[in-house]
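Beneath this line is the structure, given in structure tokens, with notes to follow.
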Amino acid sequence: MNAATDAPSEATLAAVIILAAGGGTRMKSARPKFLHEVGGRSILHRVLDAATALTPEHVAVVVGHGRDQVEAHLDEVAPHAVRVPQGDEAYGTGYAAQCAIAGLPELHGDIVITVGDAPLQTGDALAGLVAAHRSAGAVATVLTATAPDPTGYGRIVRGADGSVVAIVEHKDATEEQRGIDEINSGIFVFDADTLRDGLSKISTDNAQGELMLTDVVKIATDNHQQVAAYRVDDFWLTEGVNDRVQLGRLNAELNRRTCEQWMRAGVTIVDPATTWIHDTVDLQPDATVLPGTSLEGATSIGAGATIGPDTTLVDVEVGAGATVIRTHGSLAVIGSEATVGPFAYLRPGTELGSKGKIGTFVETKNAIIGAGAKVPHLTYAGDTTIGEGANIGAGTIFANYDGVLKTSSTVGRHSFVGSGTVLVHPVTIADGVYTAAGSTIISDVEPGELAVARGRQRNIPGWVARKRAGTKTAAAAEQSGETEKGEGA
């Protein structure tokens with residue numbers, strides 16, 4: 001607000017109102033449709049990002065169906081948003097707008113009203129709508145697009161001068177009007193006074209039997225006030241989600257755009273059709289993504305790294321030149337030129353140093369693995385620090401849980417843990433140590449020592465013949481013994 005005049009600046013947007021109260025019955029879901037995800041983020045979160053990009057004085061979300069779930073989500077992603085409950089007395093976009101206006105301070109200037117189920121709308125598109133509205137000097141402006149199939153959409157009827165004469169719902173349209181392919185997106189910007197006046201006069205006297213926001217436009221045109229349209233070239237910006245088919249279609253379209261963006265930026269994506277990349281992911285040039293890979297959340301991929309095939313990384317940092325094959329990882333760090341997989345499971349807290357290795361059928365959790373260290377095969381490494389250059393033999397178990405408490409262990413630099421070793425936490429293996437294969441280590445090992453902790457082997461002659469007589473094993477032993485006797489003769 002201008003302190004001198006106590007009136008809004010021309011550049012100030014009074015509010016963005018997001019309509020997110022619908023039941024979404026066609027989703028057939030216990031979760032409100034606005035909370036279903038497109039590209040790893042909820043539909044509503046994406047709409048909020050577009051709205052917030054306009055830096056309005058207020059962002060308001062009209063909530064109704066699944067209100068508790070929606071408000072809990074807003075607490076996480078947009079605590080600044082005003083929550084406006086929609087009552088049960090009536091329905092329709094006009095009623096939702098009435099609730100929003102009643103739930104906000106008295107507004108002056110321009111108000112954007114947008115739908116909460118169109119996840120690909122952008123701040124740029126909304127800013128273009130506001131700019132066109134102000135340039136035209138209109139009291140209301142609708143965002144429109146050309147639909148490949150306009151069936152079901154409201155049609156934009158323009159006058160000879162290009163202004164909007166009417167917005168006609170599909171049910172109410174004549175055959176000639178149904179031939180129009182410019183459609184109403186449900187996204188508007190209104191002069192606040194015009195909106196308040198129109199909302200006070202609308203009724204349910206229409207084919208839908210609802211209070212419709214488009215009737216505010218009709219009141220303005222009937223009063224010979226200027227109503228404009230801002231047509232976007234990209235129909236997908238207006239596409240809403242009403243069922244799981246549309247949800248899948250919008251996910252695929254966003255992913256296609258994301259993959260294309262990265263390929264044009266110098267990333268090789270061998271098969272975009274089987275590669276899923278959230279738009280929150282960052283990739284550096286010359287990274288390669290192989291088929292069947294999903295990169296999610298805040299994942300970042302360094303230059304020259306190769307990811308996949310058949311890999312899922314969620315919030316994972318991958319260094320330059322690393323290779324990650326057939327791996328599932330979350331909240332982990334993979335150093336430069338390190339190798340992971342195939343068939344590795346990196347749980348939260350895993351940090352693999354540069355040129356380190358996590359190999360086949362290895363699971364790690366809260367494991368810090370130093371530069372050049374190797375955990376090559378069939379190992380569980382949890383709650384441990386492994387020093388640089390250490391080598392963990394196949395089948396090693398870091399026994400970190402006693403049934404009540406989880407404790408930690410340390411393996412020192414350039415130490416060698418023999419295959420089949422069990423390290424019973426808490427235990428410290430110092431630098432330059434060997435543990436013998438098959439050992440169960442329960443005590444600390446000092447630098448330069450060999451730790452051996454296994455029972456002495458004892459062979460019992462004739463046990464098979466006595467205890468397993470008549471079996472194939474006994475027959476094989478007997479035949480082998482006779483052969484050895486014959487060779488000895």
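Identifiers for the structure tokens are assigned positionally: chains receive A, B, ... in sequence, residues are indexed from 1 per chain, and ligands are indexed from 1 in the order shown.
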Thr258 (chain A): which residues within 9 Å, counting only C-alpha atoms, same-chain residues fewer than 4 positions away excluded, as an MDAnalysis selection string?
-> chainID A and resid 253:254 262:263 276:279
Using only C-alpha atoms, which residues sit within 10 Å of Leu211 (chain A) once same-chain residues fewer than 3 positions away are excluded, as a PyMOL selection string?
-> chain A and resi 90-98+199+201-206+208+214-216
Using only C-alpha atoms, determine which residues lie at most 7 Å from region 75-83 of chain A, disregarding the query and same-chain residues fewer than 2 positions distant; provide the list as a PyMOL selection string.
-> chain A and resi 45+59-63+71-73+85
By how many Å are CA of Asp49 (chain A) and CA of Ile156 (chain A) apart?
-> 27.3 Å
Find the spatial neighbours of region 446-462 of chain A, counting only C-alpha atoms, within a cut-off of 9 Å - ignore same-chain residues fewer than 5 positions away - and output them as a ChimeraX atom specification.
-> /A:412,415,428-441,467
Name all residues at most 8 Å from Val318 (chain A) (count only C-alpha atoms; drop same-chain ones fewer than 5 positions away) and give them as a ChimeraX atom specification.
-> /A:299-302,305,333-336
Could you write out the selected residues, including N, CA, C and O atoms, as a PDB file, in the first residue's frame?
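Produced file again.pdb, reproduced below:
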ATOM      1  N   THR A 299      17.156 -34.379  -6.110  1.00  0.00           N
ATOM      2  CA  THR A 299      18.307 -35.106  -6.654  1.00  0.00           C
ATOM      3  C   THR A 299      19.128 -34.204  -7.568  1.00  0.00           C
ATOM      4  O   THR A 299      18.580 -33.413  -8.332  1.00  0.00           O
ATOM      5  N   SER A 300      20.450 -34.353  -7.500  1.00  0.00           N
ATOM      6  CA  SER A 300      21.338 -33.636  -8.415  1.00  0.00           C
ATOM      7  C   SER A 300      22.344 -34.611  -8.986  1.00  0.00           C
ATOM      8  O   SER A 300      22.867 -35.473  -8.276  1.00  0.00           O
ATOM      9  N   ILE A 301      22.617 -34.469 -10.278  1.00  0.00           N
ATOM     10  CA  ILE A 301      23.499 -35.381 -10.991  1.00  0.00           C
ATOM     11  C   ILE A 301      24.661 -34.581 -11.575  1.00  0.00           C
ATOM     12  O   ILE A 301      24.450 -33.629 -12.326  1.00  0.00           O
ATOM     13  N   GLY A 302      25.878 -34.993 -11.262  1.00  0.00           N
ATOM     14  CA  GLY A 302      27.051 -34.268 -11.702  1.00  0.00           C
ATOM     15  C   GLY A 302      27.399 -34.514 -13.162  1.00  0.00           C
ATOM     16  O   GLY A 302      26.904 -35.448 -13.813  1.00  0.00           O
ATOM     17  N   ALA A 305      28.239 -38.082 -15.167  1.00  0.00           N
ATOM     18  CA  ALA A 305      27.747 -39.239 -14.424  1.00  0.00           C
ATOM     19  C   ALA A 305      26.801 -40.060 -15.299  1.00  0.00           C
ATOM     20  O   ALA A 305      26.145 -39.525 -16.199  1.00  0.00           O
ATOM     21  N   VAL A 333      24.489 -39.432  -0.546  1.00  0.00           N
ATOM     22  CA  VAL A 333      25.494 -38.697  -1.316  1.00  0.00           C
ATOM     23  C   VAL A 333      26.443 -39.695  -1.934  1.00  0.00           C
ATOM     24  O   VAL A 333      26.982 -40.572  -1.240  1.00  0.00           O
ATOM     25  N   ILE A 334      26.665 -39.569  -3.235  1.00  0.00           N
ATOM     26  CA  ILE A 334      27.581 -40.437  -3.977  1.00  0.00           C
ATOM     27  C   ILE A 334      28.679 -39.561  -4.546  1.00  0.00           C
ATOM     28  O   ILE A 334      28.416 -38.631  -5.305  1.00  0.00           O
ATOM     29  N   GLY A 335      29.908 -39.840  -4.184  1.00  0.00           N
ATOM     30  CA  GLY A 335      31.020 -38.982  -4.563  1.00  0.00           C
ATOM     31  C   GLY A 335      31.406 -39.098  -6.024  1.00  0.00           C
ATOM     32  O   GLY A 335      30.953 -39.985  -6.755  1.00  0.00           O
ATOM     33  N   SER A 336      32.284 -38.214  -6.451  1.00  0.00           N
ATOM     34  CA  SER A 336      32.734 -38.199  -7.844  1.00  0.00           C
ATOM     35  C   SER A 336      33.473 -39.486  -8.181  1.00  0.00           C
ATOM     36  O   SER A 336      34.230 -40.031  -7.371  1.00  0.00           O
TER      37      SER A 336
END
Alpha helix (DSSP H) per DSSP on the backbone: members of region 225-318 of chain A, as a PyMOL selection string | chain A and resi 244-264
Export C-alpha atoms of the chosen residues as an mmCIF file, in the first residue's frame?
data_model
loop_
_atom_site.group_PDB
_atom_site.id
_atom_site.type_symbol
_atom_site.label_atom_id
_atom_site.label_comp_id
_atom_site.auth_asym_id
_atom_site.auth_seq_id
_atom_site.Cartn_x
_atom_site.Cartn_y
_atom_site.Cartn_z
ATOM 1 C CA ARG A 244 -6.870 -40.507 -13.019
ATOM 2 C CA VAL A 245 -6.654 -40.528 -16.803
ATOM 3 C CA GLN A 246 -6.102 -36.776 -16.896
ATOM 4 C CA LEU A 247 -3.695 -37.079 -13.963
ATOM 5 C CA GLY A 248 -1.597 -39.567 -15.927
ATOM 6 C CA ARG A 249 -1.756 -37.428 -19.053
ATOM 7 C CA LEU A 250 -0.534 -34.316 -17.238
ATOM 8 C CA ASN A 251 2.248 -36.251 -15.514
ATOM 9 C CA ALA A 252 3.396 -37.541 -18.894
ATOM 10 C CA GLU A 253 3.278 -34.101 -20.484
ATOM 11 C CA LEU A 254 5.234 -32.441 -17.687
ATOM 12 C CA ASN A 255 7.802 -35.233 -17.806
ATOM 13 C CA ARG A 256 8.112 -34.921 -21.581
ATOM 14 C CA ARG A 257 8.829 -31.214 -21.216
ATOM 15 C CA THR A 258 11.305 -31.789 -18.401
ATOM 16 C CA CYS A 259 13.236 -34.434 -20.336
ATOM 17 C CA GLU A 260 13.297 -32.247 -23.431
ATOM 18 C CA GLN A 261 14.615 -29.309 -21.416
ATOM 19 C CA TRP A 262 17.509 -31.383 -20.071
ATOM 20 C CA MET A 263 18.352 -32.930 -23.424
ATOM 21 C CA ARG A 264 18.587 -29.461 -24.953
#
Could you name the residues that touch region 367-383 of chain A at 6 Å or less, counting only C-alpha atoms, but leaving out those on the same chain fewer than 2 positions away, as an NGL selection string?
-> :A and (350-365 or 385-392 or 394-398 or 408)
Next, write the just-selected residues to a file, as a compact mmCIF listing (two decimals), in the first residue's frame, keeping N, CA, C and O atoms as the atom set.
# COMPACT_ATOMS: atom_id res chain seq x y z
N THR A 350 23.54 -42.35 3.87
CA THR A 350 24.68 -42.95 3.19
C THR A 350 25.50 -41.86 2.51
O THR A 350 24.96 -41.01 1.80
N GLU A 351 26.83 -41.92 2.73
CA GLU A 351 27.75 -41.01 2.05
C GLU A 351 28.92 -41.84 1.52
O GLU A 351 29.68 -42.41 2.30
N LEU A 352 29.03 -41.90 0.21
CA LEU A 352 30.10 -42.66 -0.44
C LEU A 352 31.13 -41.69 -1.00
O LEU A 352 30.80 -40.81 -1.78
N GLY A 353 32.39 -41.86 -0.59
CA GLY A 353 33.42 -40.93 -1.01
C GLY A 353 33.82 -41.11 -2.46
O GLY A 353 33.43 -42.07 -3.15
N SER A 354 34.65 -40.19 -2.94
CA SER A 354 35.08 -40.23 -4.34
C SER A 354 35.83 -41.53 -4.62
O SER A 354 36.60 -42.03 -3.80
N LYS A 355 35.55 -42.10 -5.80
CA LYS A 355 36.15 -43.35 -6.28
C LYS A 355 35.85 -44.53 -5.36
O LYS A 355 36.51 -45.57 -5.46
N GLY A 356 34.87 -44.39 -4.49
CA GLY A 356 34.45 -45.50 -3.65
C GLY A 356 33.52 -46.43 -4.41
O GLY A 356 33.08 -46.14 -5.53
N LYS A 357 33.20 -47.57 -3.78
CA LYS A 357 32.36 -48.57 -4.45
C LYS A 357 31.37 -49.16 -3.46
O LYS A 357 31.73 -49.58 -2.36
N ILE A 358 30.10 -49.16 -3.86
CA ILE A 358 29.05 -49.94 -3.20
C ILE A 358 28.53 -50.89 -4.26
O ILE A 358 27.98 -50.44 -5.28
N GLY A 359 28.69 -52.18 -4.04
CA GLY A 359 28.46 -53.13 -5.11
C GLY A 359 27.13 -53.86 -5.06
O GLY A 359 26.12 -53.33 -4.61
N THR A 360 27.17 -55.10 -5.55
CA THR A 360 25.97 -55.88 -5.80
C THR A 360 25.36 -56.42 -4.51
O THR A 360 26.07 -56.97 -3.66
N PHE A 361 24.06 -56.23 -4.36
CA PHE A 361 23.31 -56.69 -3.18
C PHE A 361 23.94 -56.16 -1.90
O PHE A 361 24.20 -56.92 -0.95
N VAL A 362 24.16 -54.87 -1.87
CA VAL A 362 24.67 -54.18 -0.69
C VAL A 362 23.60 -53.18 -0.22
O VAL A 362 23.05 -52.44 -1.03
N GLU A 363 23.34 -53.18 1.09
CA GLU A 363 22.43 -52.21 1.68
C GLU A 363 23.21 -51.37 2.68
O GLU A 363 23.95 -51.90 3.51
N THR A 364 23.03 -50.05 2.58
CA THR A 364 23.71 -49.14 3.50
C THR A 364 22.71 -48.20 4.15
O THR A 364 21.69 -47.85 3.55
N LYS A 365 23.03 -47.78 5.38
CA LYS A 365 22.17 -46.84 6.10
C LYS A 365 23.03 -46.12 7.13
O LYS A 365 23.75 -46.75 7.90
N THR A 385 31.17 -45.91 10.12
CA THR A 385 32.10 -45.08 9.36
C THR A 385 33.22 -45.97 8.86
O THR A 385 33.86 -46.67 9.67
N ILE A 386 33.43 -45.98 7.56
CA ILE A 386 34.44 -46.82 6.93
C ILE A 386 35.50 -45.91 6.33
O ILE A 386 35.18 -45.06 5.49
N GLY A 387 36.75 -46.08 6.76
CA GLY A 387 37.80 -45.17 6.34
C GLY A 387 38.21 -45.34 4.89
O GLY A 387 37.89 -46.34 4.23
N GLU A 388 38.97 -44.37 4.39
CA GLU A 388 39.39 -44.39 3.00
C GLU A 388 40.23 -45.63 2.71
O GLU A 388 41.01 -46.10 3.53
N GLY A 389 39.99 -46.19 1.52
CA GLY A 389 40.76 -47.33 1.06
C GLY A 389 40.44 -48.65 1.73
O GLY A 389 41.04 -49.67 1.40
N ALA A 390 39.50 -48.68 2.66
CA ALA A 390 39.15 -49.94 3.31
C ALA A 390 38.42 -50.86 2.34
O ALA A 390 37.79 -50.40 1.37
N ASN A 391 38.47 -52.16 2.61
CA ASN A 391 37.82 -53.15 1.76
C ASN A 391 36.98 -54.06 2.64
O ASN A 391 37.51 -54.71 3.55
N ILE A 392 35.69 -54.09 2.37
CA ILE A 392 34.76 -54.89 3.16
C ILE A 392 34.42 -56.15 2.36
O ILE A 392 33.83 -56.06 1.28
N ALA A 394 32.91 -59.87 1.05
CA ALA A 394 31.55 -60.32 0.75
C ALA A 394 30.89 -60.95 1.97
O ALA A 394 31.54 -61.64 2.76
N GLY A 395 29.60 -60.66 2.12
CA GLY A 395 28.83 -61.29 3.18
C GLY A 395 29.05 -60.70 4.56
O GLY A 395 28.68 -61.32 5.56
N THR A 396 29.61 -59.52 4.64
CA THR A 396 29.86 -58.89 5.94
C THR A 396 28.57 -58.28 6.48
O THR A 396 27.80 -57.66 5.76
N ILE A 397 28.37 -58.46 7.79
CA ILE A 397 27.21 -57.88 8.47
C ILE A 397 27.70 -56.93 9.53
O ILE A 397 28.50 -57.30 10.40
N PHE A 398 27.21 -55.69 9.46
CA PHE A 398 27.42 -54.73 10.54
C PHE A 398 26.21 -54.84 11.46
O PHE A 398 25.13 -54.32 11.15
N SER A 408 26.93 -47.73 16.87
CA SER A 408 27.74 -47.51 15.67
C SER A 408 29.09 -48.19 15.77
O SER A 408 29.52 -48.64 16.84
Give me, as a Markdown table, the closest atom pair and its distance (Å, one decimal) for every residue of region 64-147 of chain A within a cut-off of 9 Å of region 7-31 of chain A, counting only C-alpha atoms, rows sorted by chain and rising number.
| residue | atom | partner | partner_atom | distance |
| --- | --- | --- | --- | --- |
| A:Gly64 | CA | A:Ala21 | CA | 4.1 |
| A:His65 | CA | A:Gly23 | CA | 5.2 |
| A:Gly66 | CA | A:Arg31 | CA | 7.2 |
| A:Arg67 | CA | A:Ala21 | CA | 7.8 |
| A:Gln69 | CA | A:Arg31 | CA | 7.7 |
| A:Val70 | CA | A:Ala20 | CA | 8.7 |
| A:Pro85 | CA | A:Ala21 | CA | 8.1 |
| A:Gln86 | CA | A:Ala21 | CA | 6.8 |
| A:Tyr91 | CA | A:Gly22 | CA | 8.9 |
| A:Gly92 | CA | A:Gly22 | CA | 8.9 |
| A:Thr93 | CA | A:Leu19 | CA | 7.5 |
| A:Ala96 | CA | A:Leu19 | CA | 6.7 |
| A:Ala97 | CA | A:Ile17 | CA | 7.7 |
| A:Ala100 | CA | A:Ile17 | CA | 7.0 |
| A:Ile101 | CA | A:Ile17 | CA | 8.8 |
| A:Leu107 | CA | A:Ala14 | CA | 6.2 |
| A:His108 | CA | A:Ala14 | CA | 6.3 |
| A:Gly109 | CA | A:Ala14 | CA | 5.8 |
| A:Asp110 | CA | A:Leu13 | CA | 5.5 |
| A:Ile111 | CA | A:Ala15 | CA | 5.0 |
| A:Val112 | CA | A:Val16 | CA | 4.6 |
| A:Ile113 | CA | A:Ile17 | CA | 4.7 |
| A:Thr114 | CA | A:Ile18 | CA | 5.1 |
| A:Val115 | CA | A:Leu19 | CA | 5.0 |
| A:Gly116 | CA | A:Ala20 | CA | 4.9 |
| A:Asp117 | CA | A:Ala20 | CA | 7.3 |
| A:Val130 | CA | A:Leu13 | CA | 8.6 |
Extract, using only C-alpha atoms, all DNA, RNA and protein residues at most 10 Å from region 283-291 of chain A, discarding same-chain residues fewer than 5 positions from it, and format them as number ranges by chain.
-> A: 262-277, 299-311, 318-325
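Distance check against His170 (chain A) using only C-alpha atoms: of A:Val314, A:Tyr153, A:Ala474, A:Ile183, the minimum falls on A:Tyr153.
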Report as a list of chain:residue names: the residues of region 182-222 of chain A with a DSSP assignment of strand (DSSP E or B), based on the backbone of this structure.
->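 So the strand (DSSP E or B) residues in region 182-222 of chain A would be A:Glu182, A:Ile183, A:Asn184, A:Ser185, A:Gly186, A:Ile187, A:Phe188, A:Val189, A:Phe190, A:Asp191.
Across the structure, CA of Val217 (chain A) and CA of Gly198 (chain A) are spaced 7.8 Å apart.
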